[in-house]
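Next comes input-v2.pdb, with PDB, C-alpha atoms, pLDDT in the B column.
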```pdb
ATOM      1  CA  MET A   1       0.000   0.000   0.000  1.00 82.00           C
ATOM      2  CA  ASP A   2       1.136   3.496  -0.791  1.00 86.00           C
ATOM      3  CA  PRO A   3       0.047   6.825   0.789  1.00 90.00           C
ATOM      4  CA  TYR A   4      -0.741   8.261  -2.641  1.00 89.00           C
ATOM      5  CA  HIS A   5      -3.182   5.485  -3.508  1.00 90.00           C
ATOM      6  CA  LEU A   6      -4.899   5.599  -0.118  1.00 94.00           C
ATOM      7  CA  ILE A   7      -5.549   9.333  -0.504  1.00 95.00           C
ATOM      8  CA  ALA A   8      -6.610   8.766  -4.117  1.00 95.00           C
ATOM      9  CA  TRP A   9      -9.275   6.357  -2.832  1.00 97.00           C
ATOM     10  CA  ALA A  10     -10.530   9.028  -0.432  1.00 97.00           C
ATOM     11  CA  THR A  11     -10.502  11.718  -3.121  1.00 96.00           C
ATOM     12  CA  SER A  12     -12.469   9.419  -5.415  1.00 97.00           C
ATOM     13  CA  ALA A  13     -15.052   8.810  -2.659  1.00 97.00           C
ATOM     14  CA  LEU A  14     -15.292  12.581  -2.086  1.00 97.00           C
ATOM     15  CA  ASP A  15     -15.869  13.156  -5.791  1.00 95.00           C
ATOM     16  CA  ARG A  16     -18.595  10.492  -5.886  1.00 96.00           C
ATOM     17  CA  VAL A  17     -20.371  12.303  -3.028  1.00 95.00           C
ATOM     18  CA  ARG A  18     -20.047  15.586  -4.950  1.00 92.00           C
ATOM     19  CA  GLN A  19     -21.390  13.961  -8.132  1.00 90.00           C
ATOM     20  CA  GLN A  20     -24.375  12.465  -6.302  1.00 90.00           C
ATOM     21  CA  LEU A  21     -25.240  15.827  -4.780  1.00 88.00           C
ATOM     22  CA  TRP A  22     -24.723  17.527  -8.154  1.00 86.00           C
ATOM     23  CA  ASN A  23     -27.103  15.094  -9.868  1.00 83.00           C
ATOM     24  CA  THR A  24     -29.692  15.660  -7.138  1.00 83.00           C
ATOM     25  CA  ALA A  25     -29.329  19.437  -7.450  1.00 80.00           C
ATOM     26  CA  ARG A  26     -29.822  19.250 -11.218  1.00 79.00           C
ATOM     27  CA  GLY A  27     -33.207  17.641 -10.654  1.00 76.00           C
ATOM     28  CA  GLY A  28     -32.986  15.758 -13.911  1.00 62.00           C
ATOM     29  CA  VAL A  29     -30.794  15.154 -16.906  1.00 60.00           C
ATOM     30  CA  GLY A  30     -30.669  18.708 -18.232  1.00 66.00           C
ATOM     31  CA  GLY A  31     -31.509  20.732 -15.144  1.00 70.00           C
ATOM     32  CA  ARG A  32     -29.194  23.583 -14.273  1.00 75.00           C
ATOM     33  CA  THR A  33     -29.583  25.315 -10.942  1.00 74.00           C
ATOM     34  CA  ASP A  34     -27.360  27.667  -8.957  1.00 75.00           C
ATOM     35  CA  THR A  35     -26.554  24.837  -6.559  1.00 76.00           C
ATOM     36  CA  SER A  36     -25.608  22.456  -9.371  1.00 74.00           C
ATOM     37  CA  VAL A  37     -23.322  25.071 -10.935  1.00 76.00           C
ATOM     38  CA  ARG A  38     -21.595  25.699  -7.583  1.00 78.00           C
ATOM     39  CA  LEU A  39     -21.126  21.952  -7.011  1.00 79.00           C
ATOM     40  CA  LYS A  40     -19.734  21.472 -10.488  1.00 79.00           C
ATOM     41  CA  GLY A  41     -17.209  24.262  -9.950  1.00 79.00           C
ATOM     42  CA  ALA A  42     -16.194  23.048  -6.482  1.00 87.00           C
ATOM     43  CA  ARG A  43     -14.291  19.996  -7.681  1.00 87.00           C
ATOM     44  CA  TRP A  44     -10.785  21.497  -7.620  1.00 90.00           C
ATOM     45  CA  ALA A  45     -11.317  23.270  -4.311  1.00 91.00           C
ATOM     46  CA  LEU A  46     -12.301  19.944  -2.760  1.00 93.00           C
ATOM     47  CA  TRP A  47      -9.418  18.014  -4.326  1.00 91.00           C
ATOM     48  CA  LYS A  48      -6.594  20.389  -3.482  1.00 92.00           C
ATOM     49  CA  ASN A  49      -4.582  20.358  -0.279  1.00 90.00           C
ATOM     50  CA  PRO A  50      -5.831  23.157   2.013  1.00 91.00           C
ATOM     51  CA  ASP A  51      -2.455  24.922   2.075  1.00 92.00           C
ATOM     52  CA  ARG A  52      -2.503  25.272  -1.722  1.00 92.00           C
ATOM     53  CA  LEU A  53      -5.997  26.700  -2.165  1.00 92.00           C
ATOM     54  CA  SER A  54      -6.360  29.969  -4.016  1.00 93.00           C
ATOM     55  CA  GLU A  55      -8.464  32.709  -2.426  1.00 94.00           C
ATOM     56  CA  ARG A  56     -11.383  31.897  -4.709  1.00 92.00           C
ATOM     57  CA  GLN A  57     -11.150  28.199  -3.802  1.00 93.00           C
ATOM     58  CA  GLN A  58     -11.092  29.105  -0.101  1.00 94.00           C
ATOM     59  CA  HIS A  59     -14.323  31.049  -0.606  1.00 93.00           C
ATOM     60  CA  THR A  60     -15.831  28.094  -2.456  1.00 91.00           C
ATOM     61  CA  LEU A  61     -14.922  25.786   0.400  1.00 93.00           C
ATOM     62  CA  ALA A  62     -16.347  28.216   2.957  1.00 93.00           C
ATOM     63  CA  ALA A  63     -19.604  28.354   0.994  1.00 90.00           C
ATOM     64  CA  ILE A  64     -19.764  24.550   0.946  1.00 91.00           C
ATOM     65  CA  GLN A  65     -19.179  24.493   4.704  1.00 93.00           C
ATOM     66  CA  ALA A  66     -22.074  26.898   5.226  1.00 91.00           C
ATOM     67  CA  THR A  67     -24.564  25.392   2.770  1.00 89.00           C
ATOM     68  CA  ASN A  68     -23.778  21.730   2.106  1.00 91.00           C
ATOM     69  CA  ARG A  69     -23.081  19.707   5.239  1.00 94.00           C
ATOM     70  CA  PRO A  70     -22.791  16.254   3.607  1.00 95.00           C
ATOM     71  CA  LEU A  71     -20.241  17.452   1.073  1.00 95.00           C
ATOM     72  CA  TYR A  72     -18.247  19.289   3.727  1.00 95.00           C
ATOM     73  CA  ARG A  73     -18.306  16.162   5.918  1.00 97.00           C
ATOM     74  CA  ALA A  74     -16.908  14.180   2.967  1.00 97.00           C
ATOM     75  CA  TYR A  75     -14.203  16.815   2.532  1.00 97.00           C
ATOM     76  CA  LEU A  76     -13.281  16.572   6.223  1.00 97.00           C
ATOM     77  CA  LEU A  77     -13.104  12.770   5.976  1.00 98.00           C
ATOM     78  CA  LYS A  78     -10.680  13.056   3.075  1.00 97.00           C
ATOM     79  CA  GLU A  79      -8.556  15.660   4.819  1.00 97.00           C
ATOM     80  CA  GLN A  80      -8.426  13.758   8.095  1.00 97.00           C
ATOM     81  CA  LEU A  81      -7.258  10.622   6.267  1.00 96.00           C
ATOM     82  CA  ARG A  82      -4.540  12.737   4.643  1.00 95.00           C
ATOM     83  CA  GLN A  83      -3.446  13.929   8.081  1.00 95.00           C
ATOM     84  CA  ILE A  84      -3.416  10.357   9.429  1.00 96.00           C
ATOM     85  CA  VAL A  85      -1.027   9.351   6.655  1.00 93.00           C
ATOM     86  CA  ALA A  86       1.183  12.301   7.595  1.00 93.00           C
ATOM     87  CA  VAL A  87       1.245  11.287  11.298  1.00 93.00           C
ATOM     88  CA  LYS A  88       2.312   7.664  10.668  1.00 90.00           C
ATOM     89  CA  GLY A  89       3.329   5.093  13.263  1.00 92.00           C
ATOM     90  CA  SER A  90       1.287   3.785  16.180  1.00 93.00           C
ATOM     91  CA  HIS A  91      -0.414   7.157  16.662  1.00 96.00           C
ATOM     92  CA  GLY A  92      -1.490   7.045  12.997  1.00 94.00           C
ATOM     93  CA  LYS A  93      -2.937   3.552  13.539  1.00 96.00           C
ATOM     94  CA  LEU A  94      -5.020   4.777  16.471  1.00 96.00           C
ATOM     95  CA  LEU A  95      -6.245   7.752  14.466  1.00 97.00           C
ATOM     96  CA  LEU A  96      -7.060   5.422  11.569  1.00 97.00           C
ATOM     97  CA  GLN A  97      -9.244   3.271  13.854  1.00 97.00           C
ATOM     98  CA  ALA A  98     -11.171   6.368  14.943  1.00 97.00           C
ATOM     99  CA  TRP A  99     -11.433   7.482  11.302  1.00 97.00           C
ATOM    100  CA  LEU A 100     -12.817   4.072  10.315  1.00 98.00           C
ATOM    101  CA  ARG A 101     -15.519   4.326  12.994  1.00 97.00           C
ATOM    102  CA  TRP A 102     -16.442   7.830  11.763  1.00 97.00           C
ATOM    103  CA  ALA A 103     -16.475   6.824   8.096  1.00 97.00           C
ATOM    104  CA  SER A 104     -18.556   3.718   8.806  1.00 96.00           C
ATOM    105  CA  ARG A 105     -21.366   5.747  10.388  1.00 96.00           C
ATOM    106  CA  CYS A 106     -21.123   8.954   8.314  1.00 95.00           C
ATOM    107  CA  ARG A 107     -24.151   8.035   6.127  1.00 95.00           C
ATOM    108  CA  LEU A 108     -22.192   8.794   2.942  1.00 97.00           C
ATOM    109  CA  ASP A 109     -22.221   5.595   0.886  1.00 97.00           C
ATOM    110  CA  PRO A 110     -18.878   6.171  -0.901  1.00 97.00           C
ATOM    111  CA  PHE A 111     -17.095   6.653   2.439  1.00 97.00           C
ATOM    112  CA  VAL A 112     -18.852   3.679   4.054  1.00 98.00           C
ATOM    113  CA  LYS A 113     -17.560   1.594   1.127  1.00 98.00           C
ATOM    114  CA  LEU A 114     -14.114   3.154   1.477  1.00 98.00           C
ATOM    115  CA  ALA A 115     -14.050   2.205   5.173  1.00 98.00           C
ATOM    116  CA  ARG A 116     -14.838  -1.410   4.196  1.00 97.00           C
ATOM    117  CA  THR A 117     -12.072  -1.333   1.573  1.00 97.00           C
ATOM    118  CA  ILE A 118      -9.559   0.059   4.052  1.00 97.00           C
ATOM    119  CA  ARG A 119     -10.507  -2.607   6.591  1.00 97.00           C
ATOM    120  CA  ALA A 120      -9.909  -5.261   3.921  1.00 97.00           C
ATOM    121  CA  HIS A 121      -6.389  -3.846   3.358  1.00 96.00           C
ATOM    122  CA  LEU A 122      -5.698  -2.908   6.979  1.00 96.00           C
ATOM    123  CA  THR A 123      -2.523  -4.995   7.331  1.00 94.00           C
ATOM    124  CA  ALA A 124      -0.932  -3.359   4.291  1.00 92.00           C
ATOM    125  CA  ILE A 125      -2.014   0.094   5.466  1.00 94.00           C
ATOM    126  CA  HIS A 126      -0.586  -0.532   8.939  1.00 94.00           C
ATOM    127  CA  ASN A 127       2.680  -1.597   7.304  1.00 92.00           C
ATOM    128  CA  MET A 128       2.644   1.628   5.301  1.00 91.00           C
ATOM    129  CA  LEU A 129       2.081   3.688   8.461  1.00 93.00           C
ATOM    130  CA  ASP A 130       4.904   1.838  10.258  1.00 92.00           C
ATOM    131  CA  SER A 131       7.468   1.959   7.465  1.00 89.00           C
ATOM    132  CA  ALA A 132       6.649   5.410   6.032  1.00 74.00           C
ATOM    133  CA  LEU A 133       7.753   4.097   2.634  1.00 76.00           C
ATOM    134  CA  SER A 134       6.283   5.023  -0.703  1.00 76.00           C
ATOM    135  CA  ASN A 135       6.524   3.473  -4.116  1.00 76.00           C
ATOM    136  CA  ALA A 136       6.625   6.904  -5.779  1.00 76.00           C
ATOM    137  CA  LEU A 137      10.124   6.309  -7.197  1.00 78.00           C
ATOM    138  CA  ILE A 138       9.051   3.003  -8.720  1.00 80.00           C
ATOM    139  CA  GLU A 139       5.949   4.638 -10.223  1.00 82.00           C
ATOM    140  CA  ALA A 140       8.079   7.456 -11.673  1.00 83.00           C
ATOM    141  CA  ASN A 141      10.542   4.955 -13.100  1.00 83.00           C
ATOM    142  CA  ASN A 142       7.725   2.954 -14.711  1.00 86.00           C
ATOM    143  CA  THR A 143       6.286   6.126 -16.244  1.00 89.00           C
ATOM    144  CA  GLN A 144       9.680   7.044 -17.694  1.00 87.00           C
ATOM    145  CA  LEU A 145      10.102   3.541 -19.118  1.00 86.00           C
ATOM    146  CA  ARG A 146       6.664   3.709 -20.771  1.00 89.00           C
ATOM    147  CA  LEU A 147       7.650   7.059 -22.292  1.00 88.00           C
ATOM    148  CA  LEU A 148      10.910   5.569 -23.604  1.00 85.00           C
ATOM    149  CA  THR A 149       8.977   2.637 -25.057  1.00 85.00           C
ATOM    150  CA  ARG A 150       6.751   5.039 -26.999  1.00 86.00           C
ATOM    151  CA  GLN A 151       9.799   7.001 -28.151  1.00 82.00           C
ATOM    152  CA  ALA A 152      11.519   3.779 -29.209  1.00 80.00           C
ATOM    153  CA  PHE A 153       8.780   2.910 -31.685  1.00 81.00           C
ATOM    154  CA  GLY A 154      10.550   2.227 -34.929  1.00 79.00           C
ATOM    155  CA  TYR A 155      13.857   1.042 -33.455  1.00 79.00           C
ATOM    156  CA  HIS A 156      15.114  -2.038 -35.225  1.00 81.00           C
ATOM    157  CA  SER A 157      15.785  -4.063 -32.100  1.00 84.00           C
ATOM    158  CA  ALA A 158      14.866  -4.355 -28.468  1.00 84.00           C
ATOM    159  CA  GLU A 159      18.537  -3.875 -27.583  1.00 86.00           C
ATOM    160  CA  ALA A 160      18.292  -0.213 -28.628  1.00 83.00           C
ATOM    161  CA  LEU A 161      15.384   0.310 -26.217  1.00 82.00           C
ATOM    162  CA  ILE A 162      17.272  -1.483 -23.442  1.00 83.00           C
ATOM    163  CA  ALA A 163      20.325   0.682 -24.078  1.00 82.00           C
ATOM    164  CA  MET A 164      18.212   3.854 -23.967  1.00 80.00           C
ATOM    165  CA  ALA A 165      16.541   2.752 -20.727  1.00 82.00           C
ATOM    166  CA  THR A 166      19.881   1.877 -19.162  1.00 82.00           C
ATOM    167  CA  LEU A 167      21.374   5.191 -20.200  1.00 80.00           C
ATOM    168  CA  LYS A 168      18.397   7.319 -19.131  1.00 78.00           C
ATOM    169  CA  ARG A 169      17.423   5.583 -15.883  1.00 76.00           C
ATOM    170  CA  SER A 170      20.782   4.430 -14.495  1.00 78.00           C
ATOM    171  CA  GLY A 171      22.103   7.884 -13.692  1.00 72.00           C
ATOM    172  CA  LEU A 172      25.287   7.188 -15.597  1.00 69.00           C
ATOM    173  CA  CYS A 173      26.668   9.874 -17.850  1.00 68.00           C
ATOM    174  CA  PRO A 174      29.288   8.424 -20.180  1.00 66.00           C
ATOM    175  CA  PRO A 175      31.839  10.830 -21.648  1.00 69.00           C
ATOM    176  CA  LEU A 176      30.616  12.144 -24.950  1.00 66.00           C
ATOM    177  CA  PRO A 177      32.912  12.619 -27.975  1.00 73.00           C
ATOM    178  CA  GLY A 178      34.375  16.111 -28.270  1.00 71.00           C
ATOM    179  CA  ARG A 179      34.144  16.847 -24.539  1.00 58.00           C
ATOM    180  CA  SER A 180      37.117  16.735 -22.298  1.00 55.00           C
TER     181      SER A 180
END
```
With the file now loaded, output its structure as structure tokens.
Amino acid sequence: MDPYHLIAWATSALDRVRQQLWNTARGGVGGRTDTSVRLKGARWALWKNPDRLSERQQHTLAAIQATNRPLYRAYLLKEQLRQIVAVKGSHGKLLLQAWLRWASRCRLDPFVKLARTIRAHLTAIHNMLDSALSNALIEANNTQLRLLTRQAFGYHSAEALIAMATLKRSGLCPPLPGRS
């Protein structure tokens, strides 16, 4: 388990709550109300980390807090899970147990399902909280290799791709001709 993917699960649950409320506010397939427009435009304010919100996004979030309690509760659930991942260790495990109790009884279906999913992966998540490791470097390496594979389209052999990957991803910088 990786912190990024755990928070991505929570962000996805938050967005499902927002979409459900948006569909309800529309009142039908083509309905467009002030509430539905505000919910549609709130996506980025809800997704972003609080310390990176623009002034306009802060106002959007404040309006959600004042007018839409279920959506703001979903936002708080996502943010508290993000803070739990930042705490780590045994204290993070205790906070996670409290978070799971809150999410299980929050009456927001996407977060109730997320709590069940987290419980199913609890051992891996506890290991993540204990080790504080991330697979971000592996993910970045895989992305770079996929990019090289696309760039290598048309090479005459796989050895050329392997050589490019070795050169690009190994950190080696062989001396180039004409340079001393």
Who sits within 12 Å of Asn23 (chain A), all atoms listed in the file, same chain under 3 positions skipped, as a PyMOL selection string: chain A and resi 16-20+26-33+35-37+39-40
How about saving the chosen residues, C-alpha atoms kept, as a compact mmCIF listing (two decimals), keeping the file's coordinate frame?
```
# COMPACT_ATOMS: atom_id res chain seq x y z
CA ARG A 16 -18.60 10.49 -5.89
CA VAL A 17 -20.37 12.30 -3.03
CA ARG A 18 -20.05 15.59 -4.95
CA GLN A 19 -21.39 13.96 -8.13
CA GLN A 20 -24.38 12.46 -6.30
CA ARG A 26 -29.82 19.25 -11.22
CA GLY A 27 -33.21 17.64 -10.65
CA GLY A 28 -32.99 15.76 -13.91
CA VAL A 29 -30.79 15.15 -16.91
CA GLY A 30 -30.67 18.71 -18.23
CA GLY A 31 -31.51 20.73 -15.14
CA ARG A 32 -29.19 23.58 -14.27
CA THR A 33 -29.58 25.32 -10.94
CA THR A 35 -26.55 24.84 -6.56
CA SER A 36 -25.61 22.46 -9.37
CA VAL A 37 -23.32 25.07 -10.94
CA LEU A 39 -21.13 21.95 -7.01
CA LYS A 40 -19.73 21.47 -10.49
```
Looking at only C-alpha atoms, which of A:Asn68, A:Asn127, A:Ser157, A:Gln97 is the one that sits closest to Ala25 (chain A)?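 So, comparing all the options, the nearest one is A:Asn68.
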Spatial neighbours of region 58-61 of chain A, 7 Å, only C-alpha atoms, chain gap at least 5 places, as a count of residues only: 3
d(CA of Trp47 (chain A), CA of Tyr72 (chain A)) in Å: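 Answer for the CA of Trp47 (chain A) to CA of Tyr72 (chain A) separation: 12.0 Å.
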Point-to-point distance from CA of Trp99 (chain A) to CA of Gln57 (chain A), Å rounded to tenths: 25.6 Å
Can you list every residue of region 32-77 of chain A that has an atom at most 9 Å from region 107-113 of chain A, with its nearest atom pair and the distance in Å to one decimal, using only C-alpha atoms, ordered by chain then number, as a Markdown table?
```
| residue | atom | partner | partner_atom | distance |
| --- | --- | --- | --- | --- |
| A:Pro70 | CA | A:Leu108 | CA | 7.5 |
| A:Arg73 | CA | A:Leu108 | CA | 8.8 |
| A:Ala74 | CA | A:Leu108 | CA | 7.5 |
| A:Leu77 | CA | A:Phe111 | CA | 8.1 |
```
Could you check the closest approach to Arg69 (chain A) for each of A:Leu145, A:Ala140, A:Gly89, A:Cys106 and tell me which residue wins, using all atoms listed in the file? A:Cys106
Give me, as a list in words, all polymer residues having an atom no more than 12 Å from Asn141 (chain A), counting only C-alpha atoms and skipping those fewer than 2 positions away in the same chain.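 Once the adjacent positions are removed, what remains is Asn135, Ala136, Leu137, Ile138, Glu139, Thr143, Gln144, Leu145, Arg146, Leu147, Leu148, Ala165, Thr166, Lys168, Arg169, Ser170 and Gly171 of chain A.
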